[in-house]
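Reading through the structure tokens given below for one structure.
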Amino acid sequence: MGEKAIKKTKLSRNTMAVFSLIGGALVLICTGGGIYGVSVMTVAPAAERFGVSTAVTGMYNTAWLVGLIISAFLGGRIMTKLNTNGSAILGGILGFLGLLCMGFGGALPIYFFGAFLTGWPICLTGPALLQTTISKWYYKGRATMIGVVGMTEAIGTTIVASVTAKLLENTDTGYTTALVFAAFFVLAGNLLAGLVFFRGIPEDYGYVPVGGESLQGKGGSLEIPGLTKKEAYRKSYFWIFLIGMSILNFSYGLVQPQLSAYTQFLGYTAAQAAILVSVWSWGKSIIKIIYGFLGDKFGLRFGICVTAVIPIITGVLYIFNTGFPALVVCAAGMGIIGGLTGSGTLGISRMVGSKEFTKMALLPHGFNGIGNFFTGFVFRALFTGTMVGYQRAYTLSVIVLCIYVVMMFISLNKKNMFENEGTL
């Protein structure tokens, strides 16, 4: 970067790097936790509110994904222009407005517009921003670090799901109150992160990421070798990786909506459903540490492929058993699939050079959304209004997961990586 781009600061590089971790934890707790925690719990109450079936309000996921997909393909430019702090603030405001629309909207179009708005924060802030920011501030061991900080999302989801379950006990105002609570939860965390802790990226200050001193360029910033945007688009393994992420989310979309159906079809209470949502969230969070550590130690291909075997096993269990203990295990398996959807930015960071990374970091999230979007149509075709329908969907999910493992094994070959994996 040129001299004009260098900013002055009294904070050391290490302090700003730690600030990025705190900011990342905040956006995960409040964005991922707030939006995921309340949306899963309010599908059935929304159906009662509007006098429709849960299949209709379950299309919240489709509207949400449209917002996510658009923000993923535009988010790189937005993040480059607004920097990480501006992206967090914008994402928090959009999430806040979206949840308020869902809570106060008296008609389904307003409800779905609110759902559309809540898709944007997932890329502008939340998981995508965390991965991008840490990948910029830390070089060695960043996959493990992303996993450790990523655990905080489960804290937010547990808090919001538990509070939502309590608020929903009031059948008159509980639905609206729960969404208002989640809206302010999302806004507060993102404003705090954007105004206090996110301070841009190392290149803005002429710093190099922690652990990347050996790759310091002439201008002082980190210069990681890798593909340019045009080169990446010409590589078959790059597209196999992105399509593989879409395939993974196709699988995830087949199982994730089931969390909202347990009370309807199996007679579980809102409190039991909250337990399942919390287990799902913790599974989603903890697994990021596992595949991150394995990826840093043995290579990203090893970390991802080994991890993906776990939900395949829990999926087979779910096909034959729907008792509550089995569902707890399967909820963890669902969470693991969700955790793997966050590996896209890591893969991009090890293929693409540092100059192109910010612009391309959110691409996998767009492909995530595409896979999940089309799953909605398949899911509704398989969904018969019974647990048999859900089990049928999970069977297909297991098959799709196997395809994903093969695609990751091919695309994440070490010869395609520009970083010395296994030593990070």
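Scheme for the structure tokens: letters A, B, ... for chains in order shown; per-chain residue numbers from 1; ligand numbers from 1 in order shown.
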Residues of region 335-364 of chain A that have any atom at most 12 Å from an atom of region 25-34 of chain A: could you tabulate them with the shortest-distance atom pair and the distance in Å to one decimal, using only C-alpha atoms, ordered by chain and increasing number, as CSV?
residue,atom,partner,partner_atom,distance
A:Gly338,CA,A:Gly32,CA,11.7
A:Gly339,CA,A:Gly32,CA,11.9
A:Gly342,CA,A:Gly32,CA,12.0
The selected residues should be written to file as an mmCIF file, in the first residue's frame (atoms: N, CA and C atoms).
data_model
loop_
_atom_site.group_PDB
_atom_site.id
_atom_site.type_symbol
_atom_site.label_atom_id
_atom_site.label_comp_id
_atom_site.auth_asym_id
_atom_site.auth_seq_id
_atom_site.Cartn_x
_atom_site.Cartn_y
_atom_site.Cartn_z
ATOM 1 N N GLY A 338 -22.718 -27.236 10.621
ATOM 2 C CA GLY A 338 -22.739 -25.782 10.620
ATOM 3 C C GLY A 338 -21.370 -25.185 10.856
ATOM 4 N N GLY A 339 -20.594 -25.815 11.752
ATOM 5 C CA GLY A 339 -19.241 -25.330 12.014
ATOM 6 C C GLY A 339 -18.348 -25.439 10.795
ATOM 7 N N GLY A 342 -18.074 -22.680 8.140
ATOM 8 C CA GLY A 342 -17.204 -21.535 8.369
ATOM 9 C C GLY A 342 -15.779 -21.726 7.900
#
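Take CA of Leu363 (chain A) and CA of Leu300 (chain A): the distance between them is 18.0 Å.
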Worksheet item: So which residues touch Pro127 (chain A) within 12 Å, counting only C-alpha atoms, skipping near sequence neighbours fewer than 2 positions away, as a ChimeraX atom specification?
Response: /A:23-33,35-36,68,72,88,91,119-125,129-134,146-147,149-154,284-285,288,338-346,361-362,365
Those same residues - N, CA and C atoms - I'd like them written as a compact mmCIF listing (two decimals), in the first residue's frame.
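Final output, again12.txt:
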# COMPACT_ATOMS: atom_id res chain seq x y z
N GLY A 23 -13.25 -7.90 19.50
CA GLY A 23 -14.31 -7.47 18.58
C GLY A 23 -14.95 -8.65 17.88
N GLY A 24 -14.11 -9.62 17.48
CA GLY A 24 -14.64 -10.81 16.83
C GLY A 24 -15.55 -11.61 17.74
N ALA A 25 -15.16 -11.71 19.02
CA ALA A 25 -16.00 -12.42 19.98
C ALA A 25 -17.34 -11.70 20.16
N LEU A 26 -17.30 -10.39 20.23
CA LEU A 26 -18.53 -9.61 20.41
C LEU A 26 -19.51 -9.80 19.25
N VAL A 27 -18.99 -9.70 18.01
CA VAL A 27 -19.90 -9.81 16.87
C VAL A 27 -20.46 -11.23 16.74
N LEU A 28 -19.67 -12.21 17.18
CA LEU A 28 -20.18 -13.59 17.13
C LEU A 28 -21.24 -13.82 18.19
N ILE A 29 -20.97 -13.39 19.41
CA ILE A 29 -21.93 -13.56 20.50
C ILE A 29 -23.25 -12.89 20.14
N CYS A 30 -23.16 -11.67 19.64
CA CYS A 30 -24.38 -10.89 19.45
C CYS A 30 -25.02 -11.07 18.08
N THR A 31 -24.24 -11.29 17.03
CA THR A 31 -24.83 -11.47 15.70
C THR A 31 -25.25 -12.92 15.49
N GLY A 32 -24.27 -13.83 15.52
CA GLY A 32 -24.60 -15.24 15.34
C GLY A 32 -25.55 -15.72 16.41
N GLY A 33 -25.22 -15.41 17.68
CA GLY A 33 -26.07 -15.84 18.79
C GLY A 33 -27.45 -15.25 18.74
N ILE A 35 -29.20 -13.77 16.13
CA ILE A 35 -30.03 -14.11 14.97
C ILE A 35 -30.35 -15.60 14.94
N TYR A 36 -29.35 -16.45 15.13
CA TYR A 36 -29.60 -17.90 15.11
C TYR A 36 -30.49 -18.32 16.28
N LEU A 68 -28.22 -13.11 2.69
CA LEU A 68 -26.85 -13.59 2.91
C LEU A 68 -26.09 -13.69 1.61
N ALA A 72 -22.84 -11.55 0.58
CA ALA A 72 -21.57 -12.26 0.40
C ALA A 72 -20.86 -11.80 -0.86
N ALA A 88 -19.02 -3.85 10.68
CA ALA A 88 -19.69 -4.34 11.89
C ALA A 88 -20.88 -3.46 12.25
N GLY A 91 -23.70 -3.95 9.64
CA GLY A 91 -24.34 -5.25 9.84
C GLY A 91 -25.23 -5.26 11.07
N GLY A 119 -30.20 -11.59 7.04
CA GLY A 119 -29.18 -12.37 6.33
C GLY A 119 -27.90 -11.57 6.10
N TRP A 120 -28.04 -10.26 6.00
CA TRP A 120 -26.87 -9.41 5.71
C TRP A 120 -25.81 -9.43 6.81
N PRO A 121 -26.17 -9.36 8.08
CA PRO A 121 -25.14 -9.31 9.13
C PRO A 121 -24.23 -10.53 9.17
N ILE A 122 -24.70 -11.68 8.68
CA ILE A 122 -23.88 -12.88 8.76
C ILE A 122 -22.59 -12.72 7.96
N CYS A 123 -22.63 -11.91 6.88
CA CYS A 123 -21.42 -11.67 6.09
C CYS A 123 -20.76 -10.34 6.42
N LEU A 124 -21.57 -9.31 6.67
CA LEU A 124 -20.99 -8.01 6.98
C LEU A 124 -20.36 -7.98 8.36
N THR A 125 -20.87 -8.79 9.26
CA THR A 125 -20.33 -8.91 10.61
C THR A 125 -20.48 -10.37 11.01
N LEU A 129 -16.97 -11.81 9.22
CA LEU A 129 -16.08 -10.73 9.61
C LEU A 129 -15.01 -11.23 10.57
N LEU A 130 -15.39 -12.12 11.48
CA LEU A 130 -14.42 -12.69 12.42
C LEU A 130 -13.30 -13.40 11.66
N GLN A 131 -13.68 -14.27 10.72
CA GLN A 131 -12.69 -15.04 9.98
C GLN A 131 -11.77 -14.14 9.16
N THR A 132 -12.36 -13.14 8.52
CA THR A 132 -11.57 -12.23 7.70
C THR A 132 -10.61 -11.42 8.56
N THR A 133 -11.10 -10.90 9.68
CA THR A 133 -10.28 -10.05 10.55
C THR A 133 -9.13 -10.82 11.17
N ILE A 134 -9.41 -11.99 11.72
CA ILE A 134 -8.34 -12.77 12.35
C ILE A 134 -7.34 -13.25 11.31
N ILE A 146 -9.24 -18.86 15.20
CA ILE A 146 -10.61 -18.61 14.73
C ILE A 146 -11.57 -19.56 15.42
N GLY A 147 -11.14 -20.81 15.58
CA GLY A 147 -11.98 -21.80 16.25
C GLY A 147 -12.22 -21.46 17.71
N VAL A 149 -12.02 -18.43 19.25
CA VAL A 149 -12.91 -17.27 19.35
C VAL A 149 -14.31 -17.63 18.86
N GLY A 150 -14.37 -18.52 17.86
CA GLY A 150 -15.66 -18.93 17.31
C GLY A 150 -16.57 -19.60 18.32
N MET A 151 -15.99 -20.14 19.39
CA MET A 151 -16.80 -20.78 20.43
C MET A 151 -17.76 -19.80 21.09
N THR A 152 -17.41 -18.52 21.05
CA THR A 152 -18.23 -17.54 21.75
C THR A 152 -19.64 -17.42 21.15
N GLU A 153 -19.80 -17.82 19.90
CA GLU A 153 -21.13 -17.76 19.29
C GLU A 153 -22.12 -18.61 20.07
N ALA A 154 -21.64 -19.73 20.60
CA ALA A 154 -22.52 -20.61 21.37
C ALA A 154 -23.03 -19.92 22.63
N LYS A 284 -21.41 -26.68 16.91
CA LYS A 284 -20.97 -25.81 15.82
C LYS A 284 -19.72 -25.03 16.20
N SER A 285 -19.63 -24.63 17.46
CA SER A 285 -18.52 -23.81 17.92
C SER A 285 -17.27 -24.62 18.24
N LYS A 288 -15.00 -26.05 15.44
CA LYS A 288 -14.11 -25.13 14.74
C LYS A 288 -12.70 -25.17 15.33
N GLY A 338 -22.72 -27.24 10.62
CA GLY A 338 -22.74 -25.78 10.62
C GLY A 338 -21.37 -25.18 10.86
N GLY A 339 -20.59 -25.81 11.75
CA GLY A 339 -19.24 -25.33 12.01
C GLY A 339 -18.35 -25.44 10.79
N LEU A 340 -18.52 -26.50 10.03
CA LEU A 340 -17.71 -26.69 8.83
C LEU A 340 -18.01 -25.64 7.76
N THR A 341 -19.24 -25.08 7.79
CA THR A 341 -19.56 -24.06 6.80
C THR A 341 -18.70 -22.81 6.96
N GLY A 342 -18.07 -22.68 8.14
CA GLY A 342 -17.20 -21.53 8.37
C GLY A 342 -15.78 -21.73 7.90
N SER A 343 -15.48 -22.87 7.29
CA SER A 343 -14.10 -23.15 6.87
C SER A 343 -13.77 -22.53 5.51
N GLY A 344 -14.76 -21.96 4.85
CA GLY A 344 -14.55 -21.43 3.51
C GLY A 344 -13.49 -20.34 3.44
N THR A 345 -13.56 -19.38 4.37
CA THR A 345 -12.59 -18.28 4.34
C THR A 345 -11.18 -18.78 4.61
N LEU A 346 -11.05 -19.81 5.46
CA LEU A 346 -9.73 -20.40 5.70
C LEU A 346 -9.14 -20.97 4.41
N ALA A 361 -12.67 -12.91 0.33
CA ALA A 361 -12.86 -13.68 1.56
C ALA A 361 -14.29 -14.16 1.77
N LEU A 362 -15.27 -13.39 1.28
CA LEU A 362 -16.67 -13.73 1.53
C LEU A 362 -17.28 -14.61 0.44
N HIS A 365 -19.01 -17.81 1.48
CA HIS A 365 -20.28 -17.62 2.18
C HIS A 365 -21.42 -17.45 1.18
With the cut-off set at 12 Å and counting only C-alpha atoms, tabulate each residue of region 234-325 of chain A with an atom at most that distance from an atom of region 155-174 of chain A, showing the nearest atom pair and its distance in Å to one decimal, ordered by chain and increasing number, as JSON lines.
{"residue": "A:Leu259", "atom": "CA", "partner": "A:Ala161", "partner_atom": "CA", "distance": 11.8}
{"residue": "A:Ser260", "atom": "CA", "partner": "A:Ala161", "partner_atom": "CA", "distance": 11.7}
{"residue": "A:Thr263", "atom": "CA", "partner": "A:Ala165", "partner_atom": "CA", "distance": 11.8}
{"residue": "A:Thr269", "atom": "CA", "partner": "A:Ala165", "partner_atom": "CA", "distance": 9.2}
{"residue": "A:Ala270", "atom": "CA", "partner": "A:Ala165", "partner_atom": "CA", "distance": 5.6}
{"residue": "A:Ala271", "atom": "CA", "partner": "A:Ala165", "partner_atom": "CA", "distance": 6.1}
{"residue": "A:Gln272", "atom": "CA", "partner": "A:Ala165", "partner_atom": "CA", "distance": 9.3}
{"residue": "A:Ala273", "atom": "CA", "partner": "A:Ala165", "partner_atom": "CA", "distance": 8.4}
{"residue": "A:Ala274", "atom": "CA", "partner": "A:Ala161", "partner_atom": "CA", "distance": 5.6}
{"residue": "A:Ile275", "atom": "CA", "partner": "A:Ser162", "partner_atom": "CA", "distance": 8.2}
{"residue": "A:Leu276", "atom": "CA", "partner": "A:Ala161", "partner_atom": "CA", "distance": 9.8}
{"residue": "A:Val277", "atom": "CA", "partner": "A:Ala161", "partner_atom": "CA", "distance": 7.1}
{"residue": "A:Ser278", "atom": "CA", "partner": "A:Thr158", "partner_atom": "CA", "distance": 5.1}
{"residue": "A:Val279", "atom": "CA", "partner": "A:Thr158", "partner_atom": "CA", "distance": 8.6}
{"residue": "A:Trp280", "atom": "CA", "partner": "A:Thr157", "partner_atom": "CA", "distance": 9.5}
{"residue": "A:Ser281", "atom": "CA", "partner": "A:Thr157", "partner_atom": "CA", "distance": 6.6}
{"residue": "A:Trp282", "atom": "CA", "partner": "A:Ile155", "partner_atom": "CA", "distance": 8.1}
{"residue": "A:Gly283", "atom": "CA", "partner": "A:Thr157", "partner_atom": "CA", "distance": 11.7}
{"residue": "A:Lys284", "atom": "CA", "partner": "A:Thr157", "partner_atom": "CA", "distance": 10.8}
{"residue": "A:Ser285", "atom": "CA", "partner": "A:Ile155", "partner_atom": "CA", "distance": 9.4}
{"residue": "A:Ile286", "atom": "CA", "partner": "A:Ile155", "partner_atom": "CA", "distance": 11.5}
Put those residues in a file: N, CA and C atoms, as a PDB file, in the first residue's frame.
ATOM      1  N   LEU A 259     -34.560 -28.398  13.793  1.00  0.00           N
ATOM      2  CA  LEU A 259     -34.528 -27.968  15.191  1.00  0.00           C
ATOM      3  C   LEU A 259     -35.827 -27.282  15.603  1.00  0.00           C
ATOM      4  N   SER A 260     -36.497 -26.653  14.642  1.00  0.00           N
ATOM      5  CA  SER A 260     -37.737 -25.941  14.959  1.00  0.00           C
ATOM      6  C   SER A 260     -38.953 -26.859  14.938  1.00  0.00           C
ATOM      7  N   THR A 263     -40.745 -29.613  18.778  1.00  0.00           N
ATOM      8  CA  THR A 263     -41.905 -29.389  19.645  1.00  0.00           C
ATOM      9  C   THR A 263     -43.196 -29.756  18.934  1.00  0.00           C
ATOM     10  N   THR A 269     -41.059 -29.801  24.904  1.00  0.00           N
ATOM     11  CA  THR A 269     -41.361 -28.457  25.386  1.00  0.00           C
ATOM     12  C   THR A 269     -40.397 -27.441  24.773  1.00  0.00           C
ATOM     13  N   ALA A 270     -40.724 -26.158  24.945  1.00  0.00           N
ATOM     14  CA  ALA A 270     -39.832 -25.101  24.464  1.00  0.00           C
ATOM     15  C   ALA A 270     -38.479 -25.171  25.180  1.00  0.00           C
ATOM     16  N   ALA A 271     -38.494 -25.563  26.451  1.00  0.00           N
ATOM     17  CA  ALA A 271     -37.246 -25.686  27.206  1.00  0.00           C
ATOM     18  C   ALA A 271     -36.365 -26.801  26.634  1.00  0.00           C
ATOM     19  N   GLN A 272     -37.000 -27.932  26.253  1.00  0.00           N
ATOM     20  CA  GLN A 272     -36.232 -29.027  25.644  1.00  0.00           C
ATOM     21  C   GLN A 272     -35.701 -28.617  24.276  1.00  0.00           C
ATOM     22  N   ALA A 273     -36.523 -27.889  23.532  1.00  0.00           N
ATOM     23  CA  ALA A 273     -36.070 -27.406  22.230  1.00  0.00           C
ATOM     24  C   ALA A 273     -34.883 -26.465  22.401  1.00  0.00           C
ATOM     25  N   ALA A 274     -34.913 -25.653  23.462  1.00  0.00           N
ATOM     26  CA  ALA A 274     -33.800 -24.738  23.739  1.00  0.00           C
ATOM     27  C   ALA A 274     -32.518 -25.514  24.035  1.00  0.00           C
ATOM     28  N   ILE A 275     -32.654 -26.659  24.725  1.00  0.00           N
ATOM     29  CA  ILE A 275     -31.486 -27.508  24.991  1.00  0.00           C
ATOM     30  C   ILE A 275     -30.883 -28.004  23.678  1.00  0.00           C
ATOM     31  N   LEU A 276     -31.745 -28.451  22.766  1.00  0.00           N
ATOM     32  CA  LEU A 276     -31.271 -28.946  21.477  1.00  0.00           C
ATOM     33  C   LEU A 276     -30.585 -27.839  20.685  1.00  0.00           C
ATOM     34  N   VAL A 277     -31.161 -26.635  20.718  1.00  0.00           N
ATOM     35  CA  VAL A 277     -30.555 -25.507  20.013  1.00  0.00           C
ATOM     36  C   VAL A 277     -29.183 -25.172  20.618  1.00  0.00           C
ATOM     37  N   SER A 278     -29.079 -25.227  21.935  1.00  0.00           N
ATOM     38  CA  SER A 278     -27.807 -24.939  22.601  1.00  0.00           C
ATOM     39  C   SER A 278     -26.749 -25.990  22.262  1.00  0.00           C
ATOM     40  N   VAL A 279     -27.157 -27.266  22.261  1.00  0.00           N
ATOM     41  CA  VAL A 279     -26.220 -28.343  21.906  1.00  0.00           C
ATOM     42  C   VAL A 279     -25.747 -28.167  20.472  1.00  0.00           C
ATOM     43  N   TRP A 280     -26.688 -27.847  19.597  1.00  0.00           N
ATOM     44  CA  TRP A 280     -26.334 -27.585  18.200  1.00  0.00           C
ATOM     45  C   TRP A 280     -25.301 -26.459  18.112  1.00  0.00           C
ATOM     46  N   SER A 281     -25.534 -25.387  18.855  1.00  0.00           N
ATOM     47  CA  SER A 281     -24.643 -24.236  18.797  1.00  0.00           C
ATOM     48  C   SER A 281     -23.259 -24.560  19.347  1.00  0.00           C
ATOM     49  N   TRP A 282     -23.204 -25.304  20.464  1.00  0.00           N
ATOM     50  CA  TRP A 282     -21.910 -25.667  21.031  1.00  0.00           C
ATOM     51  C   TRP A 282     -21.157 -26.640  20.130  1.00  0.00           C
ATOM     52  N   GLY A 283     -21.897 -27.556  19.495  1.00  0.00           N
ATOM     53  CA  GLY A 283     -21.255 -28.450  18.533  1.00  0.00           C
ATOM     54  C   GLY A 283     -20.664 -27.665  17.381  1.00  0.00           C
ATOM     55  N   LYS A 284     -21.409 -26.682  16.914  1.00  0.00           N
ATOM     56  CA  LYS A 284     -20.971 -25.814  15.820  1.00  0.00           C
ATOM     57  C   LYS A 284     -19.720 -25.032  16.201  1.00  0.00           C
ATOM     58  N   SER A 285     -19.630 -24.633  17.461  1.00  0.00           N
ATOM     59  CA  SER A 285     -18.516 -23.808  17.916  1.00  0.00           C
ATOM     60  C   SER A 285     -17.271 -24.624  18.238  1.00  0.00           C
ATOM     61  N   ILE A 286     -17.452 -25.690  19.019  1.00  0.00           N
ATOM     62  CA  ILE A 286     -16.298 -26.482  19.457  1.00  0.00           C
ATOM     63  C   ILE A 286     -15.583 -27.135  18.284  1.00  0.00           C
TER      64      ILE A 286
END
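For region 180-418 of chain A, a DSSP pass over the backbone yields strand (DSSP E or B) at A:Val210, A:Gln216, A:Leu222, A:Leu227, A:Val352.
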The selected residues should be written to file as a PDB file, in the first residue's frame (atoms: C-alpha atoms).
ATOM      1  CA  VAL A 210       1.367 -11.672  14.383  1.00  0.00           C
ATOM      2  CA  GLN A 216       7.121  -8.522   5.475  1.00  0.00           C
ATOM      3  CA  LEU A 222       2.443  -8.578   4.887  1.00  0.00           C
ATOM      4  CA  LEU A 227      -3.390 -16.566  -6.634  1.00  0.00           C
ATOM      5  CA  VAL A 352      -5.287 -16.436  -2.564  1.00  0.00           C
TER       6      VAL A 352
END
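Reported to one decimal place, the separation of CA of Ile240 (chain A) from CA of Ser411 (chain A) is 6.0 Å.
Checking A:Phe320, A:Tyr404, A:Tyr394, A:Phe96 one by one against Val186 (chain A), counting only C-alpha atoms, you find the shortest gap at A:Phe96.
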I'd like a table as a tab-separated table: residues in region 166-251 of chain A with an atom no more than 12 Å from region 302-307 of chain A, each row giving the shortest atom pair and its distance in Å to one decimal, only C-alpha atoms counted, sorted by chain and rising residue number.
residue	atom	partner	partner_atom	distance
A:Phe241	CA	A:Ile304	CA	11.9
A:Gly244	CA	A:Ile304	CA	11.8
A:Met245	CA	A:Ile304	CA	11.4
A:Leu248	CA	A:Ile304	CA	11.5
Report as an mmCIF file with C-alpha atoms, in the first residue's frame all protein, DNA and RNA residues lying within 10 Å of Ile89 (chain A), evaluated on only C-alpha atoms, omitting residues in the same chain fewer than 6 positions from it.
data_model
loop_
_atom_site.group_PDB
_atom_site.id
_atom_site.type_symbol
_atom_site.label_atom_id
_atom_site.label_comp_id
_atom_site.auth_asym_id
_atom_site.auth_seq_id
_atom_site.Cartn_x
_atom_site.Cartn_y
_atom_site.Cartn_z
ATOM 1 C CA VAL A 27 -19.899 -9.811 16.867
ATOM 2 C CA LEU A 82 -15.995 0.748 5.136
ATOM 3 C CA GLY A 95 -29.819 -7.052 11.861
ATOM 4 C CA PRO A 121 -25.140 -9.306 9.131
ATOM 5 C CA LEU A 124 -20.988 -8.007 6.977
ATOM 6 C CA THR A 125 -20.326 -8.906 10.608
ATOM 7 C CA LEU A 187 -27.182 -3.960 17.781
ATOM 8 C CA ALA A 188 -25.366 -3.451 21.098
ATOM 9 C CA GLY A 189 -22.588 -5.963 20.409
ATOM 10 C CA ASN A 190 -21.884 -4.730 16.899
ATOM 11 C CA LEU A 191 -21.846 -1.064 17.861
ATOM 12 C CA LEU A 192 -19.419 -1.802 20.698
ATOM 13 C CA ALA A 193 -17.185 -3.872 18.413
ATOM 14 C CA GLY A 194 -17.276 -1.354 15.573
ATOM 15 C CA LEU A 195 -16.775 1.770 17.670
#
Practice prompt. For each of A:Gly366, A:Gly105, A:Gly371, A:Gly389, take the minimum atom-to-atom distance to Gly75 (chain A), counting only C-alpha atoms, then give the residue where this is smallest.
Written response: A:Gly366
Fill in: Within 7 Å of Phe198 (chain A) using only C-alpha atoms, minus same-chain residues under 6 positions, as a count of residues only
5
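In this model, the gap between CA of Tyr390 (chain A) and CA of Asn321 (chain A) comes to 11.9 Å.
Proximity ranking of A:Ile336, A:Val56, A:Ile70, A:Ile348 relative to Thr228 (chain A) places A:Ile348 first, based on only C-alpha atoms.
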Item to complete: Run DSSP on the backbone of this structure and report the residues of region 21-64 of chain A it assigns to alpha helix (DSSP H), as an NGL selection string.
Response: :A and (21-27 or 33-41 or 43-50 or 54-57 or 60-64)
Please produce a file of those selected residues containing N, CA and C atoms, as a short mmCIF file (atom, residue, chain, number, x, y, z; two decimals), in the first residue's frame.
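File written: result06.cif
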data_model
loop_
_atom_site.label_atom_id
_atom_site.label_comp_id
_atom_site.auth_asym_id
_atom_site.auth_seq_id
_atom_site.Cartn_x
_atom_site.Cartn_y
_atom_site.Cartn_z
N LEU A 21 -9.57 -9.74 18.31
CA LEU A 21 -10.15 -10.95 18.92
C LEU A 21 -11.36 -10.60 19.76
N ILE A 22 -11.25 -9.54 20.56
CA ILE A 22 -12.38 -9.13 21.40
C ILE A 22 -13.56 -8.69 20.53
N GLY A 23 -13.25 -7.90 19.50
CA GLY A 23 -14.31 -7.47 18.58
C GLY A 23 -14.95 -8.65 17.88
N GLY A 24 -14.11 -9.62 17.48
CA GLY A 24 -14.64 -10.81 16.83
C GLY A 24 -15.55 -11.61 17.74
N ALA A 25 -15.16 -11.71 19.02
CA ALA A 25 -16.00 -12.42 19.98
C ALA A 25 -17.34 -11.70 20.16
N LEU A 26 -17.30 -10.39 20.23
CA LEU A 26 -18.53 -9.61 20.41
C LEU A 26 -19.51 -9.80 19.25
N VAL A 27 -18.99 -9.70 18.01
CA VAL A 27 -19.90 -9.81 16.87
C VAL A 27 -20.46 -11.23 16.74
N GLY A 33 -25.22 -15.41 17.68
CA GLY A 33 -26.07 -15.84 18.79
C GLY A 33 -27.45 -15.25 18.74
N GLY A 34 -27.53 -13.94 18.47
CA GLY A 34 -28.82 -13.28 18.46
C GLY A 34 -29.73 -13.74 17.34
N ILE A 35 -29.20 -13.77 16.13
CA ILE A 35 -30.03 -14.11 14.97
C ILE A 35 -30.35 -15.60 14.94
N TYR A 36 -29.35 -16.45 15.13
CA TYR A 36 -29.60 -17.90 15.11
C TYR A 36 -30.49 -18.32 16.28
N GLY A 37 -30.17 -17.79 17.46
CA GLY A 37 -30.89 -18.21 18.65
C GLY A 37 -32.37 -17.91 18.61
N VAL A 38 -32.75 -16.73 18.12
CA VAL A 38 -34.16 -16.35 18.13
C VAL A 38 -34.92 -16.90 16.92
N SER A 39 -34.24 -16.99 15.77
CA SER A 39 -34.95 -17.41 14.55
C SER A 39 -35.45 -18.85 14.63
N VAL A 40 -34.60 -19.73 15.16
CA VAL A 40 -34.98 -21.14 15.26
C VAL A 40 -36.15 -21.33 16.22
N MET A 41 -36.18 -20.51 17.27
CA MET A 41 -37.19 -20.68 18.32
C MET A 41 -38.54 -20.05 17.98
N VAL A 43 -40.14 -19.87 14.78
CA VAL A 43 -40.83 -20.30 13.57
C VAL A 43 -42.27 -20.71 13.87
N ALA A 44 -42.46 -21.55 14.90
CA ALA A 44 -43.81 -22.00 15.25
C ALA A 44 -44.67 -20.86 15.79
N PRO A 45 -44.18 -20.00 16.72
CA PRO A 45 -44.98 -18.87 17.18
C PRO A 45 -45.37 -17.91 16.05
N ALA A 46 -44.47 -17.74 15.08
CA ALA A 46 -44.79 -16.86 13.94
C ALA A 46 -45.93 -17.45 13.13
N ALA A 47 -45.94 -18.78 12.99
CA ALA A 47 -47.03 -19.43 12.25
C ALA A 47 -48.36 -19.18 12.94
N GLU A 48 -48.38 -19.26 14.26
CA GLU A 48 -49.60 -18.99 15.01
C GLU A 48 -50.01 -17.52 14.86
N ARG A 49 -49.06 -16.64 14.87
CA ARG A 49 -49.33 -15.20 14.77
C ARG A 49 -50.01 -14.85 13.44
N PHE A 50 -49.50 -15.45 12.35
CA PHE A 50 -50.02 -15.11 11.02
C PHE A 50 -51.10 -16.08 10.53
N THR A 54 -46.21 -23.94 9.71
CA THR A 54 -44.78 -23.71 9.94
C THR A 54 -43.99 -23.86 8.65
N ALA A 55 -44.55 -24.56 7.66
CA ALA A 55 -43.88 -24.67 6.36
C ALA A 55 -43.76 -23.29 5.72
N VAL A 56 -44.76 -22.42 5.95
CA VAL A 56 -44.75 -21.07 5.39
C VAL A 56 -43.74 -20.19 6.14
N THR A 57 -43.84 -20.13 7.47
CA THR A 57 -42.91 -19.30 8.22
C THR A 57 -41.50 -19.88 8.19
N TYR A 60 -38.73 -18.41 6.20
CA TYR A 60 -37.83 -17.39 6.76
C TYR A 60 -36.41 -17.67 6.31
N ASN A 61 -36.04 -18.95 6.35
CA ASN A 61 -34.69 -19.35 6.00
C ASN A 61 -34.35 -18.97 4.56
N THR A 62 -35.34 -19.09 3.65
CA THR A 62 -35.11 -18.76 2.26
C THR A 62 -34.88 -17.27 2.09
N ALA A 63 -35.73 -16.44 2.73
CA ALA A 63 -35.57 -14.99 2.64
C ALA A 63 -34.24 -14.55 3.27
N TRP A 64 -33.91 -15.17 4.39
CA TRP A 64 -32.65 -14.89 5.08
C TRP A 64 -31.46 -15.20 4.17
#
Worksheet item: If you count only C-alpha atoms, which residues fall within 8 Å of Leu401 (chain A), apart from same-chain ones fewer than 3 positions away, as a PyMOL selection string?
Response: chain A and resi 247-248+251+308+312+397-398+404-405
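Here the question is which of A:Thr177, A:Ser71, A:Ser349, A:Thr375 gets nearest to Arg142 (chain A) using only C-alpha atoms, and that residue is A:Ser349.
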Practice prompt. Quick one: everything within 10 Å of region 230-234 of chain A, counting only C-alpha atoms, minus sequence neighbours fewer than 3 positions away in the same chain. Send it as a PyMOL selection string.
Written response: chain A and resi 226-227+237-239+348+351-353+360
